[in-house]
file coords-v5.pdb (PDB, C-alpha atoms and all ligand atoms)
MODEL        1
ATOM      1  CA  MET A 263      15.217 -29.442  14.320
ATOM      2  CA  SER A 264      18.589 -28.418  15.656
ATOM      3  CA  ALA A 265      19.655 -25.825  18.214
ATOM      4  CA  ASP A 266      22.834 -25.168  16.259
ATOM      5  CA  CYS A 267      20.870 -24.162  13.145
ATOM      6  CA  ILE A 268      20.849 -20.357  12.980
ATOM      7  CA  PHE A 269      17.342 -20.245  11.508
ATOM      8  CA  PHE A 270      16.018 -22.480  14.294
ATOM      9  CA  ARG A 271      17.495 -19.986  16.774
ATOM     10  CA  ILE A 272      15.873 -17.059  14.967
ATOM     11  CA  ILE A 273      12.512 -18.868  14.840
ATOM     12  CA  SER A 274      12.719 -19.673  18.551
ATOM     13  CA  GLY A 275      13.574 -16.041  19.382
ATOM     14  CA  GLU A 276      16.991 -16.859  20.786
ATOM     15  CA  VAL A 277      18.723 -14.850  18.045
ATOM     16  CA  PRO A 278      17.175 -11.575  16.849
ATOM     17  CA  GLY A 279      16.070 -11.130  13.273
ATOM     18  CA  ASP A 280      15.169  -8.014  11.307
ATOM     19  CA  PHE A 281      11.651  -9.282  10.645
ATOM     20  CA  VAL A 282       9.503  -7.992   7.825
ATOM     21  CA  TYR A 283       6.714 -10.569   8.155
ATOM     22  CA  THR A 284       5.675 -13.331  10.537
ATOM     23  CA  ASP A 285       2.674 -15.613  10.836
ATOM     24  CA  GLU A 286       1.960 -19.008  12.352
ATOM     25  CA  GLU A 287       3.730 -20.955   9.617
ATOM     26  CA  MET A 288       6.553 -18.748   8.333
ATOM     27  CA  ILE A 289       8.889 -15.884   9.150
ATOM     28  CA  ALA A 290      10.603 -13.414   6.825
ATOM     29  CA  PHE A 291      13.606 -11.339   7.822
ATOM     30  CA  ARG A 292      16.402  -9.383   6.172
ATOM     31  CA  ASP A 293      19.529 -11.299   5.213
ATOM     32  CA  ILE A 294      22.459 -10.345   7.439
ATOM     33  CA  ASN A 295      24.748 -10.235   4.399
ATOM     34  CA  PRO A 296      22.573  -8.704   1.671
ATOM     35  CA  VAL A 297      23.580  -8.939  -1.978
ATOM     36  CA  ALA A 298      21.130  -6.199  -3.029
ATOM     37  CA  SER A 299      19.129  -3.441  -1.325
ATOM     38  CA  THR A 300      16.296  -5.912  -0.833
ATOM     39  CA  HIS A 301      17.436  -9.319   0.386
ATOM     40  CA  ILE A 302      14.844 -11.097   2.477
ATOM     41  CA  LEU A 303      14.745 -14.712   3.609
ATOM     42  CA  LEU A 304      11.385 -16.481   3.881
ATOM     43  CA  VAL A 305      11.575 -19.455   6.224
ATOM     44  CA  PRO A 306       8.926 -21.989   7.271
ATOM     45  CA  ARG A 307       8.711 -22.370  11.053
ATOM     46  CA  GLU A 308       8.531 -26.134  10.658
ATOM     47  CA  HIS A 309      11.949 -27.709  10.290
ATOM     48  CA  ILE A 310      12.380 -28.826   6.695
ATOM     49  CA  ALA A 311      16.055 -29.229   5.890
ATOM     50  CA  SER A 312      15.862 -28.494   2.168
ATOM     51  CA  VAL A 313      13.647 -28.709  -0.901
ATOM     52  CA  GLN A 314      14.753 -32.319  -1.131
ATOM     53  CA  ASP A 315      13.185 -32.969   2.286
ATOM     54  CA  LEU A 316       9.735 -31.644   1.349
ATOM     55  CA  ARG A 317       7.002 -34.201   1.856
ATOM     56  CA  PRO A 318       3.658 -34.666   0.135
ATOM     57  CA  GLY A 319       1.237 -32.261   1.790
ATOM     58  CA  GLN A 320       3.741 -29.404   1.937
ATOM     59  CA  GLU A 321       3.069 -28.157  -1.596
ATOM     60  CA  ASN A 322       0.666 -25.499  -0.396
ATOM     61  CA  LEU A 323       3.106 -24.255   2.240
ATOM     62  CA  MET A 324       5.653 -23.634  -0.515
ATOM     63  CA  GLY A 325       2.967 -21.925  -2.580
ATOM     64  CA  ARG A 326       2.132 -19.630   0.320
ATOM     65  CA  ILE A 327       5.802 -18.797   0.841
ATOM     66  CA  ILE A 328       6.143 -17.843  -2.837
ATOM     67  CA  PHE A 329       2.941 -15.834  -2.637
ATOM     68  CA  ARG A 330       4.237 -14.030   0.456
ATOM     69  CA  ALA A 331       7.489 -13.248  -1.374
ATOM     70  CA  ARG A 332       5.362 -11.611  -4.065
ATOM     71  CA  GLU A 333       3.594  -9.501  -1.440
ATOM     72  CA  LEU A 334       6.900  -8.507   0.155
ATOM     73  CA  ALA A 335       8.274  -7.503  -3.257
ATOM     74  CA  GLU A 336       5.349  -5.115  -3.567
ATOM     75  CA  GLN A 337       5.924  -3.850  -0.038
ATOM     76  CA  GLU A 338       9.595  -3.236  -0.854
ATOM     77  CA  GLY A 339       8.666  -1.320  -4.009
ATOM     78  CA  ILE A 340      10.513  -3.668  -6.366
ATOM     79  CA  ALA A 341       7.601  -5.638  -7.816
ATOM     80  CA  SER A 342       7.296  -3.750 -11.085
ATOM     81  CA  ARG A 343      11.061  -3.575 -11.675
ATOM     82  CA  GLY A 344      11.545  -7.283 -11.099
ATOM     83  CA  TYR A 345      13.376  -9.413  -8.621
ATOM     84  CA  ARG A 346      14.702 -12.912  -8.118
ATOM     85  CA  LEU A 347      13.575 -15.772  -5.904
ATOM     86  CA  VAL A 348      16.325 -18.276  -5.115
ATOM     87  CA  VAL A 349      16.157 -21.586  -3.294
ATOM     88  CA  ASN A 350      19.541 -23.212  -2.847
ATOM     89  CA  CYS A 351      19.429 -26.952  -2.237
ATOM     90  CA  GLY A 352      22.264 -29.041  -0.851
ATOM     91  CA  PRO A 353      26.040 -28.565  -1.025
ATOM     92  CA  GLU A 354      26.394 -28.249  -4.793
ATOM     93  CA  GLY A 355      23.362 -25.971  -4.890
ATOM     94  CA  GLY A 356      25.120 -23.593  -2.526
ATOM     95  CA  GLN A 357      22.875 -24.142   0.500
ATOM     96  CA  VAL A 358      24.699 -23.163   3.687
ATOM     97  CA  VAL A 359      21.921 -23.090   6.298
ATOM     98  CA  PRO A 360      20.231 -26.511   6.567
ATOM     99  CA  HIS A 361      16.688 -25.173   6.972
ATOM    100  CA  LEU A 362      14.615 -24.554   3.851
ATOM    101  CA  HIS A 363      14.444 -20.888   2.849
ATOM    102  CA  VAL A 364      13.606 -18.724  -0.129
ATOM    103  CA  HIS A 365      15.724 -15.668  -0.931
ATOM    104  CA  LEU A 366      13.874 -12.602  -2.248
ATOM    105  CA  ILE A 367      16.495 -10.425  -3.928
ATOM    106  CA  GLY A 368      15.994  -7.161  -5.773
ATOM    107  CA  GLY A 369      16.615  -3.455  -6.024
ATOM    108  CA  ARG A 370      19.298  -3.590  -8.708
ATOM    109  CA  ARG A 371      19.816  -5.312 -12.037
ATOM    110  CA  LEU A 372      20.956  -8.785 -11.170
ATOM    111  CA  ASN A 373      23.698 -10.677 -12.929
ATOM    112  CA  ASP A 374      22.367 -12.881 -15.731
ATOM    113  CA  LYS A 375      24.581 -15.767 -14.701
ATOM    114  CA  MET A 376      22.861 -18.702 -13.036
ATOM    115  CA  GLY A 377      26.015 -20.329 -11.757
TER     116      GLY A 377
HETATM  117  P1  LIG B   1      21.970 -20.250   1.770
HETATM  118  O1  LIG B   1      23.363 -20.072   1.247
HETATM  119  O2  LIG B   1      20.925 -20.360   0.694
HETATM  120  O3  LIG B   1      21.879 -21.358   2.789
HETATM  121  O4  LIG B   1      21.623 -18.882   2.480
HETATM  122  C1  LIG B   1      21.790 -18.638   3.838
HETATM  123  C2  LIG B   1      21.677 -17.161   4.046
HETATM  124  O5  LIG B   1      21.466 -16.911   5.430
HETATM  125  C3  LIG B   1      22.894 -16.337   3.621
HETATM  126  O6  LIG B   1      22.526 -15.411   2.600
HETATM  127  C4  LIG B   1      23.330 -15.649   4.919
HETATM  128  O7  LIG B   1      23.791 -14.338   4.704
HETATM  129  C5  LIG B   1      22.041 -15.674   5.726
HETATM  130  N1  LIG B   1      22.204 -15.606   7.180
HETATM  131  C6  LIG B   1      23.023 -16.355   7.952
HETATM  132  N2  LIG B   1      22.884 -16.030   9.244
HETATM  133  C7  LIG B   1      21.947 -15.055   9.303
HETATM  134  C8  LIG B   1      21.357 -14.294  10.349
HETATM  135  N3  LIG B   1      21.716 -14.478  11.639
HETATM  136  N4  LIG B   1      20.414 -13.369  10.036
HETATM  137  C9  LIG B   1      20.066 -13.177   8.756
HETATM  138  N5  LIG B   1      20.567 -13.874   7.712
HETATM  139  C10 LIG B   1      21.507 -14.786   7.978
ENDMDL
END
call {"tool": "encode", "arguments": {"input": "coords-v5.pdb", "output": "structure tokens", "more": "lines below"}}
Ligand code: AMP
result
Amino acid sequence: MSADCIFFRIISGEVPGDFVYTDEEMIAFRDINPVASTHILLVPREHIASVQDLRPGQENLMGRIIFRARELAEQEGIASRGYRLVVNCGPEGGQVVPHLHVHLIGGRRLNDKMG
């Protein structure tokens, strides 16, 4: 856990977020630099630096985050058209913020390229 991590500061309430969902184990808020009309970040409250830092016992947390992304896609009206879930991991995976998060992106036809 680090006070200079922007997601830690959003979780702690120090920095405002445009929240679309919160519960005791995760928050979801709109990305400040959206790449599509829907671009939401789902973030566990517990500090987990990346997918690579997941520990046994956290499988269900990740399942619930994915399930919540599905619910938010419905809420955003993009579920039937399709959308993309992205989890960047580490420097070569393009992860910038060192706190595990899932991007929910949709609302337009996304580029087919995967990098
Ligand atoms: P990643 O590259 O996977 O680490 O994604 C980090 C994401 O966090 C980027 O899409 C940023 O636009 C987003 N981001 C950074 N700071 C904020 C913020 N204060 N509020 C919302 N989203 C943010």
call {"tool": "resolve_selection", "arguments": {"input": "coords-v5.pdb", "expression": "the PyMOL selection byres (((not hetatm)) within 12 of (chain B and resi 1))", "output": "JSON, numbers by chain"}}
result
{"A": [266, 267, 268, 269, 270, 271, 272, 273, 275, 276, 277, 278, 279, 280, 281, 282, 289, 290, 291, 292, 293, 294, 295, 296, 297, 298, 300, 301, 302, 303, 304, 305, 311, 312, 313, 347, 348, 349, 350, 351, 352, 353, 354, 355, 356, 357, 358, 359, 360, 361, 362, 363, 364, 365, 366, 367]}
call {"tool": "atom_distance", "arguments": {"input": "coords-v5.pdb", "atom1": "CA of Met288 (chain A)", "atom2": "CA of Arg346 (chain A)"}}
result
19.3 Å
call {"tool": "atom_distance", "arguments": {"input": "coords-v5.pdb", "atom1": "CA of Arg343 (chain A)", "atom2": "CA of Gly368 (chain A)"}}
result
8.5 Å
call {"tool": "closest_residue", "arguments": {"input": "coords-v5.pdb", "among": "A:Arg370, A:Glu287, A:Arg307, A:Gly344", "to": "Ser274 (chain A)", "atoms": "only C-alpha atoms"}}
result
A:Arg307
call {"tool": "axis_aligned_box", "arguments": {"input": "coords-v5.pdb", "around": "region 352-364 of chain A", "padding_each_side": "4 Å", "output": "AutoDock Vina command-line options"}}
result
--center_x 20.0 --center_y -23.9 --center_z 1.0 --size_x 20.8 --size_y 18.3 --size_z 19.9
call {"tool": "atom_distance", "arguments": {"input": "coords-v5.pdb", "atom1": "CA of Arg317 (chain A)", "atom2": "CA of Arg332 (chain A)"}}
result
23.4 Å
call {"tool": "closest_residue", "arguments": {"input": "coords-v5.pdb", "among": "A:Leu334, A:Ile310, A:Leu316, A:Ala265", "to": "Tyr283 (chain A)", "atoms": "only C-alpha atoms"}}
result
A:Leu334
call {"tool": "closest_residue", "arguments": {"input": "coords-v5.pdb", "among": "A:Met376, A:Pro318, A:Ser299, A:His309", "to": "Glu338 (chain A)", "atoms": "all atoms listed in the file"}}
result
A:Ser299
call {"tool": "decode", "arguments": {"input": "coords-v5.pdb", "residues": "region 310-338 of chain A", "atoms": "N, CA and C atoms", "output": "PDB file, in the first residue's frame"}}
result
ATOM      1  N   ILE A 310      -3.158  -4.964  -4.087  1.00  0.00           N
ATOM      2  CA  ILE A 310      -2.544  -6.062  -4.831  1.00  0.00           C
ATOM      3  C   ILE A 310      -1.876  -5.357  -6.003  1.00  0.00           C
ATOM      4  N   ALA A 311      -0.579  -5.477  -6.122  1.00  0.00           N
ATOM      5  CA  ALA A 311       0.136  -4.638  -7.090  1.00  0.00           C
ATOM      6  C   ALA A 311      -0.226  -4.978  -8.535  1.00  0.00           C
ATOM      7  N   SER A 312      -0.369  -6.260  -8.816  1.00  0.00           N
ATOM      8  CA  SER A 312      -0.657  -6.676 -10.197  1.00  0.00           C
ATOM      9  C   SER A 312      -1.194  -8.099 -10.181  1.00  0.00           C
ATOM     10  N   VAL A 313      -1.596  -8.585 -11.335  1.00  0.00           N
ATOM     11  CA  VAL A 313      -2.031  -9.983 -11.440  1.00  0.00           C
ATOM     12  C   VAL A 313      -0.941 -10.911 -10.904  1.00  0.00           C
ATOM     13  N   GLN A 314       0.296 -10.537 -11.165  1.00  0.00           N
ATOM     14  CA  GLN A 314       1.418 -11.380 -10.756  1.00  0.00           C
ATOM     15  C   GLN A 314       1.553 -11.470  -9.233  1.00  0.00           C
ATOM     16  N   ASP A 315       0.913 -10.543  -8.535  1.00  0.00           N
ATOM     17  CA  ASP A 315       0.988 -10.510  -7.067  1.00  0.00           C
ATOM     18  C   ASP A 315      -0.229 -11.152  -6.409  1.00  0.00           C
ATOM     19  N   LEU A 316      -1.146 -11.692  -7.221  1.00  0.00           N
ATOM     20  CA  LEU A 316      -2.295 -12.402  -6.638  1.00  0.00           C
ATOM     21  C   LEU A 316      -1.803 -13.609  -5.854  1.00  0.00           C
ATOM     22  N   ARG A 317      -2.488 -13.883  -4.757  1.00  0.00           N
ATOM     23  CA  ARG A 317      -2.128 -15.019  -3.921  1.00  0.00           C
ATOM     24  C   ARG A 317      -3.267 -16.040  -3.928  1.00  0.00           C
ATOM     25  N   PRO A 318      -2.943 -17.297  -3.606  1.00  0.00           N
ATOM     26  CA  PRO A 318      -4.009 -18.277  -3.462  1.00  0.00           C
ATOM     27  C   PRO A 318      -5.046 -17.747  -2.464  1.00  0.00           C
ATOM     28  N   GLY A 319      -6.292 -17.918  -2.771  1.00  0.00           N
ATOM     29  CA  GLY A 319      -7.361 -17.392  -1.923  1.00  0.00           C
ATOM     30  C   GLY A 319      -8.000 -16.146  -2.518  1.00  0.00           C
ATOM     31  N   GLN A 320      -7.339 -15.567  -3.523  1.00  0.00           N
ATOM     32  CA  GLN A 320      -7.886 -14.344  -4.134  1.00  0.00           C
ATOM     33  C   GLN A 320      -8.567 -14.625  -5.475  1.00  0.00           C
ATOM     34  N   GLU A 321      -8.732 -15.920  -5.786  1.00  0.00           N
ATOM     35  CA  GLU A 321      -9.373 -16.275  -7.057  1.00  0.00           C
ATOM     36  C   GLU A 321     -10.811 -15.767  -7.098  1.00  0.00           C
ATOM     37  N   ASN A 322     -11.505 -15.919  -5.986  1.00  0.00           N
ATOM     38  CA  ASN A 322     -12.917 -15.529  -5.982  1.00  0.00           C
ATOM     39  C   ASN A 322     -13.085 -14.021  -6.058  1.00  0.00           C
ATOM     40  N   LEU A 323     -12.167 -13.283  -5.465  1.00  0.00           N
ATOM     41  CA  LEU A 323     -12.189 -11.820  -5.586  1.00  0.00           C
ATOM     42  C   LEU A 323     -12.122 -11.433  -7.061  1.00  0.00           C
ATOM     43  N   MET A 324     -11.190 -12.049  -7.797  1.00  0.00           N
ATOM     44  CA  MET A 324     -11.079 -11.724  -9.223  1.00  0.00           C
ATOM     45  C   MET A 324     -12.341 -12.119  -9.971  1.00  0.00           C
ATOM     46  N   GLY A 325     -12.927 -13.245  -9.576  1.00  0.00           N
ATOM     47  CA  GLY A 325     -14.187 -13.670 -10.198  1.00  0.00           C
ATOM     48  C   GLY A 325     -15.286 -12.657  -9.945  1.00  0.00           C
ATOM     49  N   ARG A 326     -15.339 -12.138  -8.734  1.00  0.00           N
ATOM     50  CA  ARG A 326     -16.383 -11.149  -8.412  1.00  0.00           C
ATOM     51  C   ARG A 326     -16.142  -9.830  -9.156  1.00  0.00           C
ATOM     52  N   ILE A 327     -14.892  -9.473  -9.346  1.00  0.00           N
ATOM     53  CA  ILE A 327     -14.603  -8.254 -10.111  1.00  0.00           C
ATOM     54  C   ILE A 327     -15.062  -8.429 -11.561  1.00  0.00           C
ATOM     55  N   ILE A 328     -14.768  -9.581 -12.147  1.00  0.00           N
ATOM     56  CA  ILE A 328     -15.213  -9.839 -13.527  1.00  0.00           C
ATOM     57  C   ILE A 328     -16.741  -9.841 -13.583  1.00  0.00           C
ATOM     58  N   PHE A 329     -17.353 -10.461 -12.604  1.00  0.00           N
ATOM     59  CA  PHE A 329     -18.817 -10.520 -12.594  1.00  0.00           C
ATOM     60  C   PHE A 329     -19.398  -9.109 -12.461  1.00  0.00           C
ATOM     61  N   ARG A 330     -18.772  -8.274 -11.661  1.00  0.00           N
ATOM     62  CA  ARG A 330     -19.245  -6.897 -11.502  1.00  0.00           C
ATOM     63  C   ARG A 330     -19.054  -6.116 -12.806  1.00  0.00           C
ATOM     64  N   ALA A 331     -17.970  -6.386 -13.518  1.00  0.00           N
ATOM     65  CA  ALA A 331     -17.770  -5.733 -14.820  1.00  0.00           C
ATOM     66  C   ALA A 331     -18.920  -6.088 -15.756  1.00  0.00           C
ATOM     67  N   ARG A 332     -19.343  -7.335 -15.706  1.00  0.00           N
ATOM     68  CA  ARG A 332     -20.477  -7.781 -16.528  1.00  0.00           C
ATOM     69  C   ARG A 332     -21.741  -7.006 -16.161  1.00  0.00           C
ATOM     70  N   GLU A 333     -21.969  -6.817 -14.884  1.00  0.00           N
ATOM     71  CA  GLU A 333     -23.151  -6.069 -14.433  1.00  0.00           C
ATOM     72  C   GLU A 333     -23.064  -4.613 -14.886  1.00  0.00           C
ATOM     73  N   LEU A 334     -21.873  -4.035 -14.776  1.00  0.00           N
ATOM     74  CA  LEU A 334     -21.698  -2.634 -15.175  1.00  0.00           C
ATOM     75  C   LEU A 334     -21.867  -2.473 -16.682  1.00  0.00           C
ATOM     76  N   ALA A 335     -21.453  -3.475 -17.452  1.00  0.00           N
ATOM     77  CA  ALA A 335     -21.663  -3.428 -18.905  1.00  0.00           C
ATOM     78  C   ALA A 335     -23.158  -3.366 -19.204  1.00  0.00           C
ATOM     79  N   GLU A 336     -23.934  -4.113 -18.467  1.00  0.00           N
ATOM     80  CA  GLU A 336     -25.390  -4.066 -18.653  1.00  0.00           C
ATOM     81  C   GLU A 336     -25.918  -2.691 -18.271  1.00  0.00           C
ATOM     82  N   GLN A 337     -25.443  -2.193 -17.143  1.00  0.00           N
ATOM     83  CA  GLN A 337     -25.867  -0.874 -16.661  1.00  0.00           C
ATOM     84  C   GLN A 337     -25.528   0.230 -17.675  1.00  0.00           C
ATOM     85  N   GLU A 338     -24.414   0.078 -18.345  1.00  0.00           N
ATOM     86  CA  GLU A 338     -23.960   1.075 -19.322  1.00  0.00           C
ATOM     87  C   GLU A 338     -24.651   0.911 -20.674  1.00  0.00           C
TER      88      GLU A 338
END
